[in-house]
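*Asks:* Could you have a look at this structure, given as structure tokens, before my questions?
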Amino acid sequence: MAQTLRFDGYQQKSIFTISFLLFYFKNWPMTKIKICGITRLEDALDACRAGADALGFNFSRTSSRQITPILAQAIIAQLPPFVQSVGIFVEHSPQEINAICRLCNLQVAQLHSDEYQPKEAQAITDAKVIKVFRPKKDFSVQEVLNFTQNSGIRTFLFDAFRPDMAGGTGERISAALVKRIFEQLGSTCFPILAGGLNETNVREAILFTRPYGVDTASGVESKPGVKNPDKVNAFIRAVHSTRSQVPL
């Protein structure tokens with residue numbers, strides 16, 4: 001237990017505790033931030049100015065945030081350096097994904113369907129790959145480890161499961177489930193947390209699970225596909241604030 005020393009009315013933590021905390025903070029990585037469901041240039045640029053690390057463009061034909069490759073290409077061409085562009089795919093074949101990645105200059109392809117198995121992931125050669133899992137309560141992390149072994153992919157996004165929607169549901173994964181998954185995965189991969197995150201809960205979620213990154217769409221919107229700049233700024237500030245607090 002940390003010892004507390006008193007000097008001139010001030011409480012001072014022991015040298016050991018201070019050294020430990022400084023080491024912890026130094027090795028506490030800044031959580032990456034992806035703002036997903038971009039459909040407008042002004043929203044993309046607002047997110048970049050606020051500090052987003054990546055922007056997501058949803059090409060799914062069933063999404064309320066669907067964007068055409070031509071419009072996505074025009075937006076991505078105006079993004080500043082250091083911001084990654086991510087394509088979200090649900091129904092497309094690997095060949096179609098490669099073609100869209102080349103056209104739009106996407107750096108990352110996010111595979112948001114169970115139909116994308118290691119073979120399909122390996123066939124995507126024009127972008128890095130994020131594989132999405134939507135875990136149920138009995139989910140086994142062995143599925144993730146097997147996918148890594150068979151594909152070489154090491155970045156995974158975990159979103160809330162809902163049978164009628166591939167993503168963007170605004171629903172959260174249960175805290176106990178996501179805690180178990182992230183703890184069991186440890187440092188074997190780069191896990192990204194998604195599902196119902198907004199400015200009011202993302203800070204707690206990060207401190208609870210220590211993800212490599214967080215992803216939000218509905219949590220920063222006025223309506224599907226239209227971002228609220230105040231919510232985007234508040235979300236990103238909440239993520240950055242975790243850098244100055246001891247994790248739970």
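Chains: A, B, ... in order of the structure tokens. Residues: from 1 per chain. Ligands: from 1, in order shown.
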Using only C-alpha atoms, what does the table of region 81-143 of chain A residues within 10 Å of region 192-207 of chain A look like, with each row giving the shortest atom pair and its distance in Å to one decimal, sorted by chain and ascending number, as a tab-separated table?
*Replies:*
```
residue	atom	partner	partner_atom	distance
A:Ile130	CA	A:Ile192	CA	9.2
A:Val132	CA	A:Ile192	CA	9.1
A:Arg134	CA	A:Gly195	CA	9.5
```
*Asks:* Might you pull out every residue within 8 Å of region 56-64 of chain A, with only C-alpha atoms counted and same-chain residues fewer than 6 positions away left off, and present them as a VMD selection string?
*Replies:* chain A and resid 34 to 39 72 85 to 92 224 to 225
*Asks:* Write out, as a PDB file, in the first residue's frame, the residues just selected, with N, CA and C atoms.
*Replies:*
```pdb
ATOM      1  N   LYS A  34     -10.990   7.023 -33.950  1.00  0.00           N
ATOM      2  CA  LYS A  34     -11.587   6.958 -35.290  1.00  0.00           C
ATOM      3  C   LYS A  34     -13.008   7.495 -35.236  1.00  0.00           C
ATOM      4  N   ILE A  35     -13.287   8.480 -36.083  1.00  0.00           N
ATOM      5  CA  ILE A  35     -14.642   9.008 -36.244  1.00  0.00           C
ATOM      6  C   ILE A  35     -15.205   8.374 -37.503  1.00  0.00           C
ATOM      7  N   CYS A  36     -16.258   7.595 -37.353  1.00  0.00           N
ATOM      8  CA  CYS A  36     -16.757   6.778 -38.452  1.00  0.00           C
ATOM      9  C   CYS A  36     -18.050   7.361 -39.030  1.00  0.00           C
ATOM     10  N   GLY A  37     -18.363   6.918 -40.249  1.00  0.00           N
ATOM     11  CA  GLY A  37     -19.596   7.349 -40.898  1.00  0.00           C
ATOM     12  C   GLY A  37     -19.521   8.743 -41.486  1.00  0.00           C
ATOM     13  N   ILE A  38     -18.343   9.138 -41.971  1.00  0.00           N
ATOM     14  CA  ILE A  38     -18.170  10.457 -42.578  1.00  0.00           C
ATOM     15  C   ILE A  38     -18.851  10.487 -43.951  1.00  0.00           C
ATOM     16  N   THR A  39     -19.660  11.514 -44.187  1.00  0.00           N
ATOM     17  CA  THR A  39     -20.309  11.682 -45.494  1.00  0.00           C
ATOM     18  C   THR A  39     -20.140  13.090 -46.042  1.00  0.00           C
ATOM     19  N   ALA A  72     -16.305   9.847 -51.529  1.00  0.00           N
ATOM     20  CA  ALA A  72     -15.256   9.560 -50.549  1.00  0.00           C
ATOM     21  C   ALA A  72     -13.897   9.977 -51.100  1.00  0.00           C
ATOM     22  N   SER A  85      -7.429   7.219 -43.580  1.00  0.00           N
ATOM     23  CA  SER A  85      -8.772   7.015 -44.132  1.00  0.00           C
ATOM     24  C   SER A  85      -9.072   5.521 -44.127  1.00  0.00           C
ATOM     25  N   VAL A  86     -10.254   5.176 -43.617  1.00  0.00           N
ATOM     26  CA  VAL A  86     -10.647   3.777 -43.418  1.00  0.00           C
ATOM     27  C   VAL A  86     -11.943   3.513 -44.167  1.00  0.00           C
ATOM     28  N   GLY A  87     -11.958   2.471 -44.974  1.00  0.00           N
ATOM     29  CA  GLY A  87     -13.185   2.072 -45.655  1.00  0.00           C
ATOM     30  C   GLY A  87     -13.875   0.957 -44.901  1.00  0.00           C
ATOM     31  N   ILE A  88     -15.187   1.091 -44.707  1.00  0.00           N
ATOM     32  CA  ILE A  88     -15.973   0.058 -44.023  1.00  0.00           C
ATOM     33  C   ILE A  88     -16.721  -0.741 -45.080  1.00  0.00           C
ATOM     34  N   PHE A  89     -16.522  -2.067 -45.033  1.00  0.00           N
ATOM     35  CA  PHE A  89     -17.085  -2.944 -46.054  1.00  0.00           C
ATOM     36  C   PHE A  89     -17.885  -4.068 -45.405  1.00  0.00           C
ATOM     37  N   VAL A  90     -19.051  -4.344 -45.991  1.00  0.00           N
ATOM     38  CA  VAL A  90     -19.928  -5.393 -45.475  1.00  0.00           C
ATOM     39  C   VAL A  90     -20.232  -6.438 -46.547  1.00  0.00           C
ATOM     40  N   GLU A  91     -20.589  -5.981 -47.750  1.00  0.00           N
ATOM     41  CA  GLU A  91     -21.005  -6.915 -48.802  1.00  0.00           C
ATOM     42  C   GLU A  91     -19.989  -7.069 -49.932  1.00  0.00           C
ATOM     43  N   HIS A  92     -18.961  -6.254 -49.970  1.00  0.00           N
ATOM     44  CA  HIS A  92     -18.054  -6.227 -51.111  1.00  0.00           C
ATOM     45  C   HIS A  92     -17.092  -7.411 -51.113  1.00  0.00           C
ATOM     46  N   PRO A 224     -27.939  10.332 -38.604  1.00  0.00           N
ATOM     47  CA  PRO A 224     -27.013   9.434 -39.294  1.00  0.00           C
ATOM     48  C   PRO A 224     -26.314  10.108 -40.474  1.00  0.00           C
ATOM     49  N   GLY A 225     -24.985  10.088 -40.425  1.00  0.00           N
ATOM     50  CA  GLY A 225     -24.189  10.660 -41.499  1.00  0.00           C
ATOM     51  C   GLY A 225     -23.865  12.126 -41.357  1.00  0.00           C
TER      52      GLY A 225
END
```
*Asks:* Using Å and a single decimal, report how far CA of Glu221 (chain A) sits from CA of Glu42 (chain A).
*Replies:*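 Going from CA of Glu42 (chain A) over to CA of Glu221 (chain A), I get 13.2 Å.
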*Asks:* Write down as an MDAnalysis selection string the residues of region 50-153 of chain A whose backbone DSSP state falls under strand (DSSP E).
*Replies:* chainID A and resid 54:58 84:89 108:111 128:133
*Asks:* Using DSSP secondary structure from the backbone, list all helix (DSSP H, G or I) positions within region 13-223 of chain A, as an mmCIF file with C-alpha atoms, in the first residue's frame.
*Replies:*
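Full text of result-v5.cif as output:
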```
data_model
loop_
_atom_site.group_PDB
_atom_site.id
_atom_site.type_symbol
_atom_site.label_atom_id
_atom_site.label_comp_id
_atom_site.auth_asym_id
_atom_site.auth_seq_id
_atom_site.Cartn_x
_atom_site.Cartn_y
_atom_site.Cartn_z
ATOM 1 C CA ILE A 15 9.155 8.156 -3.715
ATOM 2 C CA PHE A 16 8.310 4.601 -4.683
ATOM 3 C CA THR A 17 4.694 5.454 -5.482
ATOM 4 C CA ILE A 18 5.614 8.587 -7.435
ATOM 5 C CA SER A 19 8.203 6.670 -9.434
ATOM 6 C CA PHE A 20 5.661 3.960 -10.179
ATOM 7 C CA LEU A 21 3.056 6.470 -11.364
ATOM 8 C CA LEU A 22 5.552 8.304 -13.551
ATOM 9 C CA PHE A 23 6.559 5.009 -15.123
ATOM 10 C CA TYR A 24 2.894 4.081 -15.609
ATOM 11 C CA PHE A 25 2.040 7.392 -17.265
ATOM 12 C CA LYS A 26 5.129 7.247 -19.461
ATOM 13 C CA LEU A 41 -16.238 17.318 -46.176
ATOM 14 C CA GLU A 42 -16.987 19.810 -43.388
ATOM 15 C CA ASP A 43 -17.448 16.968 -40.902
ATOM 16 C CA ALA A 44 -14.181 15.374 -41.996
ATOM 17 C CA LEU A 45 -12.202 18.581 -41.594
ATOM 18 C CA ASP A 46 -13.845 19.392 -38.237
ATOM 19 C CA ALA A 47 -12.832 15.947 -36.953
ATOM 20 C CA CYS A 48 -9.264 16.446 -38.191
ATOM 21 C CA ARG A 49 -8.991 19.804 -36.434
ATOM 22 C CA ALA A 50 -10.385 18.277 -33.238
ATOM 23 C CA PRO A 69 -16.544 5.905 -53.731
ATOM 24 C CA ILE A 70 -16.482 9.070 -55.870
ATOM 25 C CA LEU A 71 -17.610 11.297 -52.981
ATOM 26 C CA ALA A 72 -15.256 9.560 -50.549
ATOM 27 C CA GLN A 73 -12.388 10.084 -52.997
ATOM 28 C CA ALA A 74 -13.132 13.817 -53.153
ATOM 29 C CA ILE A 75 -13.207 14.155 -49.355
ATOM 30 C CA ILE A 76 -10.094 12.056 -48.737
ATOM 31 C CA PRO A 94 -11.972 -8.574 -51.872
ATOM 32 C CA GLN A 95 -11.561 -7.556 -55.522
ATOM 33 C CA GLU A 96 -14.121 -4.764 -55.121
ATOM 34 C CA ILE A 97 -12.479 -3.662 -51.869
ATOM 35 C CA ASN A 98 -9.075 -3.440 -53.530
ATOM 36 C CA ALA A 99 -10.533 -1.379 -56.376
ATOM 37 C CA ILE A 100 -12.262 1.061 -53.993
ATOM 38 C CA CYS A 101 -9.137 1.367 -51.858
ATOM 39 C CA ARG A 102 -7.103 2.281 -54.925
ATOM 40 C CA LEU A 103 -9.679 4.756 -56.217
ATOM 41 C CA CYS A 104 -10.205 6.524 -52.888
ATOM 42 C CA PRO A 118 -8.751 -15.225 -43.290
ATOM 43 C CA LYS A 119 -8.713 -16.120 -46.989
ATOM 44 C CA GLU A 120 -10.689 -12.988 -47.899
ATOM 45 C CA ALA A 121 -8.605 -10.805 -45.591
ATOM 46 C CA GLN A 122 -5.379 -12.009 -47.200
ATOM 47 C CA GLN A 142 -9.552 -18.149 -29.576
ATOM 48 C CA GLU A 143 -11.516 -16.963 -32.634
ATOM 49 C CA VAL A 144 -9.339 -13.859 -32.721
ATOM 50 C CA LEU A 145 -6.119 -15.786 -32.173
ATOM 51 C CA ASN A 146 -7.051 -18.251 -34.913
ATOM 52 C CA PHE A 147 -7.798 -15.402 -37.312
ATOM 53 C CA THR A 148 -4.399 -13.876 -36.595
ATOM 54 C CA GLN A 149 -2.629 -17.187 -37.088
ATOM 55 C CA ASN A 150 -4.382 -17.894 -40.390
ATOM 56 C CA SER A 151 -4.300 -14.386 -41.875
ATOM 57 C CA ALA A 175 -18.697 -4.186 -19.655
ATOM 58 C CA ALA A 176 -17.971 -7.661 -18.285
ATOM 59 C CA LEU A 177 -17.710 -9.172 -21.762
ATOM 60 C CA VAL A 178 -15.402 -6.554 -23.221
ATOM 61 C CA LYS A 179 -13.241 -6.568 -20.097
ATOM 62 C CA ARG A 180 -12.803 -10.341 -20.379
ATOM 63 C CA ILE A 181 -11.981 -10.194 -24.075
ATOM 64 C CA PHE A 182 -9.418 -7.399 -23.790
ATOM 65 C CA GLU A 183 -7.726 -8.935 -20.756
ATOM 66 C CA GLN A 184 -7.450 -12.356 -22.424
ATOM 67 C CA LEU A 185 -6.074 -10.861 -25.628
ATOM 68 C CA VAL A 202 -15.689 6.867 -23.556
ATOM 69 C CA ARG A 203 -13.339 7.996 -20.778
ATOM 70 C CA GLU A 204 -14.571 5.324 -18.391
ATOM 71 C CA ALA A 205 -14.502 2.717 -21.161
ATOM 72 C CA ILE A 206 -10.851 3.458 -21.946
ATOM 73 C CA LEU A 207 -9.761 3.326 -18.321
ATOM 74 C CA PHE A 208 -11.673 0.077 -17.905
ATOM 75 C CA THR A 209 -10.409 -1.783 -20.982
ATOM 76 C CA SER A 218 -23.749 7.595 -33.798
ATOM 77 C CA GLY A 219 -22.227 8.947 -30.570
ATOM 78 C CA VAL A 220 -21.104 12.162 -32.278
#
```
*Asks:* What does the structure give for the distance between CA of Ser93 (chain A) and CA of Phe139 (chain A), in Å to one decimal?
*Replies:* 26.0 Å
*Asks:* From the list A:Gln66, A:Val214, A:Leu106, A:Gln117, which residue is nearest Asp159 (chain A) when using only C-alpha atoms?
*Replies:*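 Closest to Asp159 (chain A) of all the choices is A:Val214.
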